[in-house]
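One structure is given here, and the rest of the page talks about it.
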Protein chains: 2
Amino acid sequence: MSVEEELSTREKIILAGAQIIVEEGLRKFTAKNIANKIGVTDAAIYKHFPSLDSIIIEIINRYISKCSQSVDRAVAMNLSTEETLKQVMREHISVLEETKGAVPILCFEFSRSGNKKFFDILHSFVDSYKSKLSKILEKGQQEGVIRKDVNPSETAMLFVGLIQAKVFAYVMERRTGPIIANPEELISELFYGIIAR
Amino acid sequence: MSVEEELSTREKIILAGAQIIVEEGLRKFTAKNIANKIGVTDAAIYKHFPSLDSIIIEIINRYISKCSQSVDRAVAMNLSTEETLKQVMREHISVLEETKGAVPILCFEFSRSGNKKFFDILHSFVDSYKSKLSKILEKGQQEGVIRKDVNPSETAMLFVGLIQAKVFAYVMERRTGPIIANPEELISELFYGIIAR
DNA sequence: CTTTACAGTTAGCAATTATTAACTTAAAAT
DNA sequence: ATTTTAAGTTAATAATTGCTAACTGTAAAG
């Protein structure tokens, strides 16, 4: 509760591990690198986790669940369909800032890692996310708010994907501070396009 | 020229290496994995490249240069500003399909790899891409075709971002076939938004 | 006061990695 | 016909990896 101290080592492992995956990639996710980052030896890691994989499982579950809730929170606000969708984006962006872009990166890394356990967790997250968002989009289409010619399921994925792309831009330009400087601009572009009316 | 045979081993190394990075991630990019894929031993790799890093450099340069040219090709067609921008997206999508999504994934991997040489190549690519596209967008704003309240540089990155988002969905859902099933739908979403008019 | 459990250490193992060296072989160049 | 070269092999290297075992100190529980 003071400036920074007194996170348990277990907690530090998870945070350091996630940071390594996000900032340096899976290849640098090693017991030694994690241990160095928190000031212990690599063997100490195994006092808190049975394996490196189990750390990954914990990281995925923890970050993914933050993201899962974002759609539910937006829906719970009982807004118009258009505002609900905008709110989904806002919630998303706020999770993104909070987790420093971890979720899309974790998804992307582990969807290709060949580890079935990781993939299954991620896949079921993406599936449920997509179906929730698709339903909102379909409702919007019935109400005439959303263009009838957009594919709800594809567009749902576009919501997550766009955010991942923002992380890429952020990293590539070595920016600091918030990943998405102007959330409303991004939302507006996605919703109304870039063409003047 | 026949069905498939007679690529040089050097060429096979580059193709297999890129495929591994794209489909399985940097962690699996090892001499042994590449060698297995093309039916030689790991030591044979070093007859063609001095190091694994040099393979990566070649992969990045090769795929990135294909992508760099896409804006130039679109500009060379001398279309209206709006059509030029749409054509940029089309060119982009066609490079994407041709390279099986490699560029965005390579960018994703190497933007975080911590290797300065890799990062620099990518950075200068993104920089030049962004400035070319920004200029077109600014021209569009002066002509009143593009919304004045969008940031040209951010929007340039949105062009890449949308495509990355599609690759993200493609990978996450382990799809096969074209990455972007309906290019004109995506282009239309970017230009006119998802909201009905 | 002693015991126990926890959280760390050092040391080490077996596997894997990037890379090199020494050898083979077949084809091209002389 | 011989030499050279290219492109492969096997075998070895040093470093790094995930993980375990055996040890140490400290603080709470009895």
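To be explicit about the labels: the chains of the structure tokens are called A, B, and onward in the order shown, and within each one the residues are counted from 1, while ligands get numbers from 1 in the order they are shown.
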Looking only at the backbone, which of the residues in chain A does DSSP tag as helix (DSSP H, G or I), as a VMD selection string? chain A and resid 9 to 24 26 to 28 31 to 38 42 to 45 52 to 76 81 to 98 102 to 111 116 to 143 152 to 172 183 to 192
Any chance you could export the current selection's C-alpha atoms as a short mmCIF file (atom, residue, chain, number, x, y, z; two decimals), in the first residue's frame?
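Result saved to result.cif:
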data_model
loop_
_atom_site.label_atom_id
_atom_site.label_comp_id
_atom_site.auth_asym_id
_atom_site.auth_seq_id
_atom_site.Cartn_x
_atom_site.Cartn_y
_atom_site.Cartn_z
CA THR A 9 6.89 -12.99 -4.62
CA ARG A 10 4.20 -15.03 -6.33
CA GLU A 11 2.53 -11.83 -7.44
CA LYS A 12 5.81 -10.36 -8.57
CA ILE A 13 6.48 -13.46 -10.68
CA ILE A 14 3.18 -13.07 -12.48
CA LEU A 15 3.68 -9.38 -13.13
CA ALA A 16 7.30 -9.75 -14.23
CA GLY A 17 6.38 -12.74 -16.40
CA ALA A 18 3.58 -10.89 -18.14
CA GLN A 19 5.81 -7.89 -18.66
CA ILE A 20 8.48 -10.03 -20.29
CA ILE A 21 6.01 -11.69 -22.65
CA VAL A 22 4.49 -8.36 -23.61
CA GLU A 23 7.70 -6.39 -24.00
CA GLU A 24 10.19 -8.98 -25.14
CA LEU A 26 7.90 -15.60 -25.41
CA ARG A 27 11.49 -16.38 -26.23
CA LYS A 28 12.67 -14.33 -23.27
CA ALA A 31 12.97 -18.71 -15.21
CA LYS A 32 16.23 -16.80 -15.08
CA ASN A 33 14.86 -13.65 -16.71
CA ILE A 34 11.83 -13.60 -14.46
CA ALA A 35 13.97 -14.21 -11.39
CA ASN A 36 16.45 -11.49 -12.32
CA LYS A 37 13.65 -9.05 -12.77
CA ILE A 38 12.38 -9.55 -9.23
CA ASP A 42 15.72 -18.96 -10.89
CA ALA A 43 15.27 -21.87 -8.48
CA ALA A 44 13.17 -19.66 -6.21
CA ILE A 45 10.54 -19.48 -8.94
CA LEU A 52 6.86 -22.21 -16.18
CA ASP A 53 3.73 -23.34 -17.99
CA SER A 54 1.72 -22.94 -14.82
CA ILE A 55 2.85 -19.32 -14.63
CA ILE A 56 1.61 -18.79 -18.15
CA ILE A 57 -1.75 -20.36 -17.32
CA GLU A 58 -2.10 -17.99 -14.41
CA ILE A 59 -1.11 -14.98 -16.52
CA ILE A 60 -3.54 -15.86 -19.27
CA ASN A 61 -6.41 -16.49 -16.91
CA ARG A 62 -5.82 -13.35 -14.97
CA TYR A 63 -5.55 -10.96 -17.91
CA ILE A 64 -8.20 -12.66 -19.99
CA SER A 65 -10.79 -12.45 -17.26
CA LYS A 66 -10.31 -8.70 -16.96
CA CYS A 67 -11.05 -8.45 -20.63
CA SER A 68 -14.03 -10.80 -20.55
CA GLN A 69 -15.77 -8.63 -18.07
CA SER A 70 -15.47 -5.53 -20.19
CA VAL A 71 -18.33 -6.50 -22.50
CA ASP A 72 -20.51 -7.44 -19.54
CA ARG A 73 -19.84 -4.12 -17.87
CA ALA A 74 -20.81 -2.24 -21.01
CA VAL A 75 -24.01 -4.25 -21.42
CA ALA A 76 -24.89 -3.76 -17.78
CA THR A 81 -27.16 -0.22 -28.91
CA GLU A 82 -24.86 2.37 -30.45
CA GLU A 83 -23.78 3.65 -27.06
CA THR A 84 -23.33 0.10 -25.76
CA LEU A 85 -20.92 -0.63 -28.58
CA LYS A 86 -19.03 2.56 -27.97
CA GLN A 87 -18.92 1.71 -24.31
CA VAL A 88 -17.51 -1.74 -25.14
CA MET A 89 -14.67 0.01 -26.94
CA ARG A 90 -14.11 2.38 -24.04
CA GLU A 91 -14.04 -0.49 -21.55
CA HIS A 92 -11.68 -2.33 -23.82
CA ILE A 93 -9.36 0.59 -24.09
CA SER A 94 -9.35 1.01 -20.37
CA VAL A 95 -8.46 -2.66 -19.80
CA LEU A 96 -5.76 -2.21 -22.42
CA GLU A 97 -4.20 0.70 -20.59
CA GLU A 98 -4.49 -1.05 -17.26
CA ALA A 102 -1.11 -7.62 -22.48
CA VAL A 103 -4.32 -9.34 -23.59
CA PRO A 104 -3.99 -9.06 -27.36
CA ILE A 105 -0.35 -9.94 -27.18
CA LEU A 106 -0.97 -12.98 -25.01
CA CYS A 107 -3.71 -14.09 -27.37
CA PHE A 108 -1.49 -13.73 -30.36
CA GLU A 109 1.54 -15.39 -28.81
CA PHE A 110 -0.25 -18.38 -27.39
CA SER A 111 -2.63 -18.97 -30.25
CA LYS A 116 -3.11 -27.03 -26.57
CA LYS A 117 -3.86 -26.03 -23.00
CA PHE A 118 -3.06 -22.37 -23.67
CA PHE A 119 -4.90 -22.38 -26.94
CA ASP A 120 -8.05 -23.84 -25.42
CA ILE A 121 -8.25 -21.18 -22.74
CA LEU A 122 -7.74 -18.41 -25.26
CA HIS A 123 -10.03 -19.90 -27.83
CA SER A 124 -12.95 -20.19 -25.46
CA PHE A 125 -12.38 -16.61 -24.35
CA VAL A 126 -12.35 -15.32 -27.92
CA ASP A 127 -15.40 -17.43 -28.72
CA SER A 128 -17.50 -16.12 -25.90
CA TYR A 129 -16.34 -12.57 -26.48
CA LYS A 130 -17.21 -12.80 -30.14
CA SER A 131 -20.64 -14.23 -29.56
CA LYS A 132 -21.54 -11.59 -26.98
CA LEU A 133 -20.45 -8.77 -29.24
CA SER A 134 -22.03 -10.34 -32.32
CA LYS A 135 -25.38 -10.40 -30.58
CA ILE A 136 -25.17 -6.70 -29.83
CA LEU A 137 -24.19 -5.96 -33.41
CA GLU A 138 -27.05 -8.08 -34.76
CA LYS A 139 -29.49 -6.27 -32.55
CA GLY A 140 -28.10 -3.01 -33.92
CA GLN A 141 -28.69 -4.25 -37.44
CA GLN A 142 -32.29 -5.13 -36.66
CA GLU A 143 -32.78 -1.68 -35.18
CA PRO A 152 -21.28 -9.13 -37.07
CA SER A 153 -18.81 -11.83 -36.20
CA GLU A 154 -16.01 -10.33 -38.31
CA THR A 155 -16.69 -6.92 -36.88
CA ALA A 156 -16.55 -8.26 -33.35
CA MET A 157 -13.04 -9.53 -34.04
CA LEU A 158 -12.20 -6.17 -35.51
CA PHE A 159 -12.85 -4.60 -32.11
CA VAL A 160 -10.14 -6.68 -30.44
CA GLY A 161 -7.84 -6.64 -33.42
CA LEU A 162 -7.85 -2.88 -33.76
CA ILE A 163 -6.78 -2.55 -30.20
CA GLN A 164 -3.96 -4.98 -30.71
CA ALA A 165 -2.84 -2.91 -33.67
CA LYS A 166 -2.72 0.15 -31.46
CA VAL A 167 -0.32 -1.67 -29.20
CA PHE A 168 1.84 -2.37 -32.23
CA ALA A 169 1.85 1.30 -33.25
CA TYR A 170 2.69 2.21 -29.68
CA VAL A 171 5.65 -0.13 -29.54
CA MET A 172 6.92 0.69 -33.02
CA PRO A 183 -9.97 6.93 -27.53
CA GLU A 184 -12.93 8.88 -28.85
CA GLU A 185 -11.14 9.54 -32.13
CA LEU A 186 -10.52 5.82 -32.64
CA ILE A 187 -14.10 5.01 -31.73
CA SER A 188 -15.39 7.68 -34.06
CA GLU A 189 -13.29 6.42 -36.96
CA LEU A 190 -14.50 2.89 -36.50
CA PHE A 191 -18.11 3.97 -36.20
CA TYR A 192 -18.38 6.74 -38.78
#
Which residues, written as a count of residues only, have at least one atom at most 9 Å from D:DG8, with only C-alpha atoms (C1' of nucleotides) counted and residues fewer than 5 positions away on the same chain left out? 7
For chain C against chain B, with a cut-off of 12 Å and counting only C-alpha atoms (C1' of nucleotides), what is the closest atom pair and its distance in Å to one decimal for every residue that makes the cut, ordered by chain and number, as a tab-separated table?
residue	atom	partner	partner_atom	distance
C:DT16	C1'	B:Lys32	CA	10.0
C:DT17	C1'	B:Thr30	CA	7.9
C:DA18	C1'	B:Ala31	CA	7.9
C:DT19	C1'	B:Ser51	CA	8.1
C:DT20	C1'	B:Ala43	CA	9.1
C:DA21	C1'	B:Ala43	CA	11.0
Using all heavy atoms, can you write the selected residues to a file as a short mmCIF file (atom, residue, chain, number, x, y, z; two decimals), in the first residue's frame?
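Wrote it out as selection_8.cif, contents follow:
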data_model
loop_
_atom_site.label_atom_id
_atom_site.label_comp_id
_atom_site.auth_asym_id
_atom_site.auth_seq_id
_atom_site.Cartn_x
_atom_site.Cartn_y
_atom_site.Cartn_z
P DT C 16 15.62 -32.56 -26.11
OP1 DT C 16 14.19 -32.66 -26.44
OP2 DT C 16 16.63 -33.49 -26.67
"O5'" DT C 16 16.09 -31.06 -26.44
"C5'" DT C 16 15.51 -29.97 -25.73
"C4'" DT C 16 16.27 -28.71 -26.06
"O4'" DT C 16 17.55 -28.73 -25.39
"C3'" DT C 16 16.57 -28.54 -27.55
"O3'" DT C 16 16.02 -27.30 -27.97
"C2'" DT C 16 18.09 -28.57 -27.64
"C1'" DT C 16 18.47 -28.10 -26.24
N1 DT C 16 19.83 -28.48 -25.79
C2 DT C 16 20.69 -27.49 -25.36
O2 DT C 16 20.38 -26.31 -25.34
N3 DT C 16 21.93 -27.93 -24.95
C4 DT C 16 22.39 -29.24 -24.94
O4 DT C 16 23.52 -29.50 -24.55
C5 DT C 16 21.45 -30.23 -25.40
C7 DT C 16 21.84 -31.65 -25.43
C6 DT C 16 20.22 -29.81 -25.80
P DT C 17 16.07 -26.90 -29.49
OP1 DT C 17 14.80 -26.23 -29.78
OP2 DT C 17 16.53 -28.04 -30.31
"O5'" DT C 17 17.22 -25.80 -29.52
"C5'" DT C 17 17.08 -24.59 -28.76
"C4'" DT C 17 18.39 -23.86 -28.71
"O4'" DT C 17 19.34 -24.69 -28.03
"C3'" DT C 17 19.01 -23.64 -30.07
"O3'" DT C 17 18.55 -22.40 -30.58
"C2'" DT C 17 20.50 -23.61 -29.77
"C1'" DT C 17 20.63 -24.28 -28.42
N1 DT C 17 21.49 -25.50 -28.37
C2 DT C 17 22.79 -25.37 -27.98
O2 DT C 17 23.28 -24.30 -27.71
N3 DT C 17 23.50 -26.55 -27.93
C4 DT C 17 23.03 -27.81 -28.22
O4 DT C 17 23.75 -28.79 -28.14
C5 DT C 17 21.66 -27.88 -28.62
C7 DT C 17 21.04 -29.20 -28.96
C6 DT C 17 20.96 -26.74 -28.68
P DA C 18 18.97 -22.06 -32.10
OP1 DA C 18 18.11 -20.94 -32.52
OP2 DA C 18 18.96 -23.33 -32.86
"O5'" DA C 18 20.47 -21.56 -31.99
"C5'" DA C 18 20.76 -20.34 -31.31
"C4'" DA C 18 22.23 -20.06 -31.42
"O4'" DA C 18 22.96 -21.18 -30.87
"C3'" DA C 18 22.72 -19.88 -32.86
"O3'" DA C 18 23.64 -18.80 -32.90
"C2'" DA C 18 23.39 -21.22 -33.18
"C1'" DA C 18 23.88 -21.70 -31.82
N9 DA C 18 23.87 -23.16 -31.68
C8 DA C 18 22.87 -24.03 -31.98
N7 DA C 18 23.15 -25.29 -31.73
C5 DA C 18 24.44 -25.25 -31.23
C6 DA C 18 25.32 -26.24 -30.77
N6 DA C 18 25.02 -27.54 -30.77
N1 DA C 18 26.54 -25.85 -30.33
C2 DA C 18 26.84 -24.56 -30.33
N3 DA C 18 26.10 -23.52 -30.73
C4 DA C 18 24.90 -23.94 -31.18
P DT C 19 24.21 -18.31 -34.27
OP1 DT C 19 24.65 -16.92 -34.11
OP2 DT C 19 23.27 -18.66 -35.35
"O5'" DT C 19 25.50 -19.23 -34.39
"C5'" DT C 19 26.46 -19.21 -33.32
"C4'" DT C 19 27.48 -20.29 -33.53
"O4'" DT C 19 26.89 -21.59 -33.32
"C3'" DT C 19 28.10 -20.37 -34.92
"O3'" DT C 19 29.40 -19.82 -34.84
"C2'" DT C 19 28.13 -21.85 -35.25
"C1'" DT C 19 27.78 -22.50 -33.92
N1 DT C 19 27.12 -23.83 -34.03
C2 DT C 19 27.79 -24.93 -33.53
O2 DT C 19 28.90 -24.86 -33.02
N3 DT C 19 27.12 -26.12 -33.66
C4 DT C 19 25.88 -26.32 -34.22
O4 DT C 19 25.38 -27.44 -34.28
C5 DT C 19 25.23 -25.13 -34.72
C7 DT C 19 23.88 -25.23 -35.35
C6 DT C 19 25.87 -23.96 -34.60
P DT C 20 30.33 -19.80 -36.15
OP1 DT C 20 31.19 -18.61 -36.00
OP2 DT C 20 29.53 -20.00 -37.36
"O5'" DT C 20 31.24 -21.10 -35.94
"C5'" DT C 20 31.85 -21.33 -34.67
"C4'" DT C 20 32.67 -22.61 -34.73
"O4'" DT C 20 31.76 -23.74 -34.68
"C3'" DT C 20 33.51 -22.76 -36.00
"O3'" DT C 20 34.85 -23.03 -35.60
"C2'" DT C 20 32.86 -23.95 -36.73
"C1'" DT C 20 32.19 -24.71 -35.59
N1 DT C 20 30.99 -25.50 -35.96
C2 DT C 20 30.93 -26.83 -35.63
O2 DT C 20 31.83 -27.42 -35.06
N3 DT C 20 29.77 -27.47 -36.00
C4 DT C 20 28.68 -26.91 -36.65
O4 DT C 20 27.71 -27.59 -36.92
C5 DT C 20 28.81 -25.51 -36.96
C7 DT C 20 27.69 -24.81 -37.66
C6 DT C 20 29.94 -24.87 -36.61
P DA C 21 36.02 -23.21 -36.70
OP1 DA C 21 37.22 -22.57 -36.11
OP2 DA C 21 35.53 -22.83 -38.03
"O5'" DA C 21 36.26 -24.80 -36.69
"C5'" DA C 21 36.28 -25.51 -35.46
"C4'" DA C 21 36.57 -26.98 -35.74
"O4'" DA C 21 35.32 -27.66 -36.02
"C3'" DA C 21 37.45 -27.20 -36.96
"O3'" DA C 21 38.28 -28.34 -36.70
"C2'" DA C 21 36.44 -27.50 -38.07
"C1'" DA C 21 35.38 -28.26 -37.30
N9 DA C 21 34.04 -28.18 -37.87
C8 DA C 21 33.43 -27.10 -38.44
N7 DA C 21 32.21 -27.32 -38.87
C5 DA C 21 31.99 -28.66 -38.56
C6 DA C 21 30.90 -29.51 -38.74
N6 DA C 21 29.76 -29.12 -39.32
N1 DA C 21 31.02 -30.79 -38.32
C2 DA C 21 32.16 -31.17 -37.74
N3 DA C 21 33.27 -30.46 -37.50
C4 DA C 21 33.11 -29.19 -37.94
#
Using only C-alpha atoms (C1' of nucleotides) and a distance of at most 10 Å, pull out the residues of chain D that contact chain B, as a ChimeraX atom specification. /D:6-10
Calculate how many Å separate atom CA of B:Thr176 from atom CA of A:Asn115, rounding to one decimal. 19.3 Å
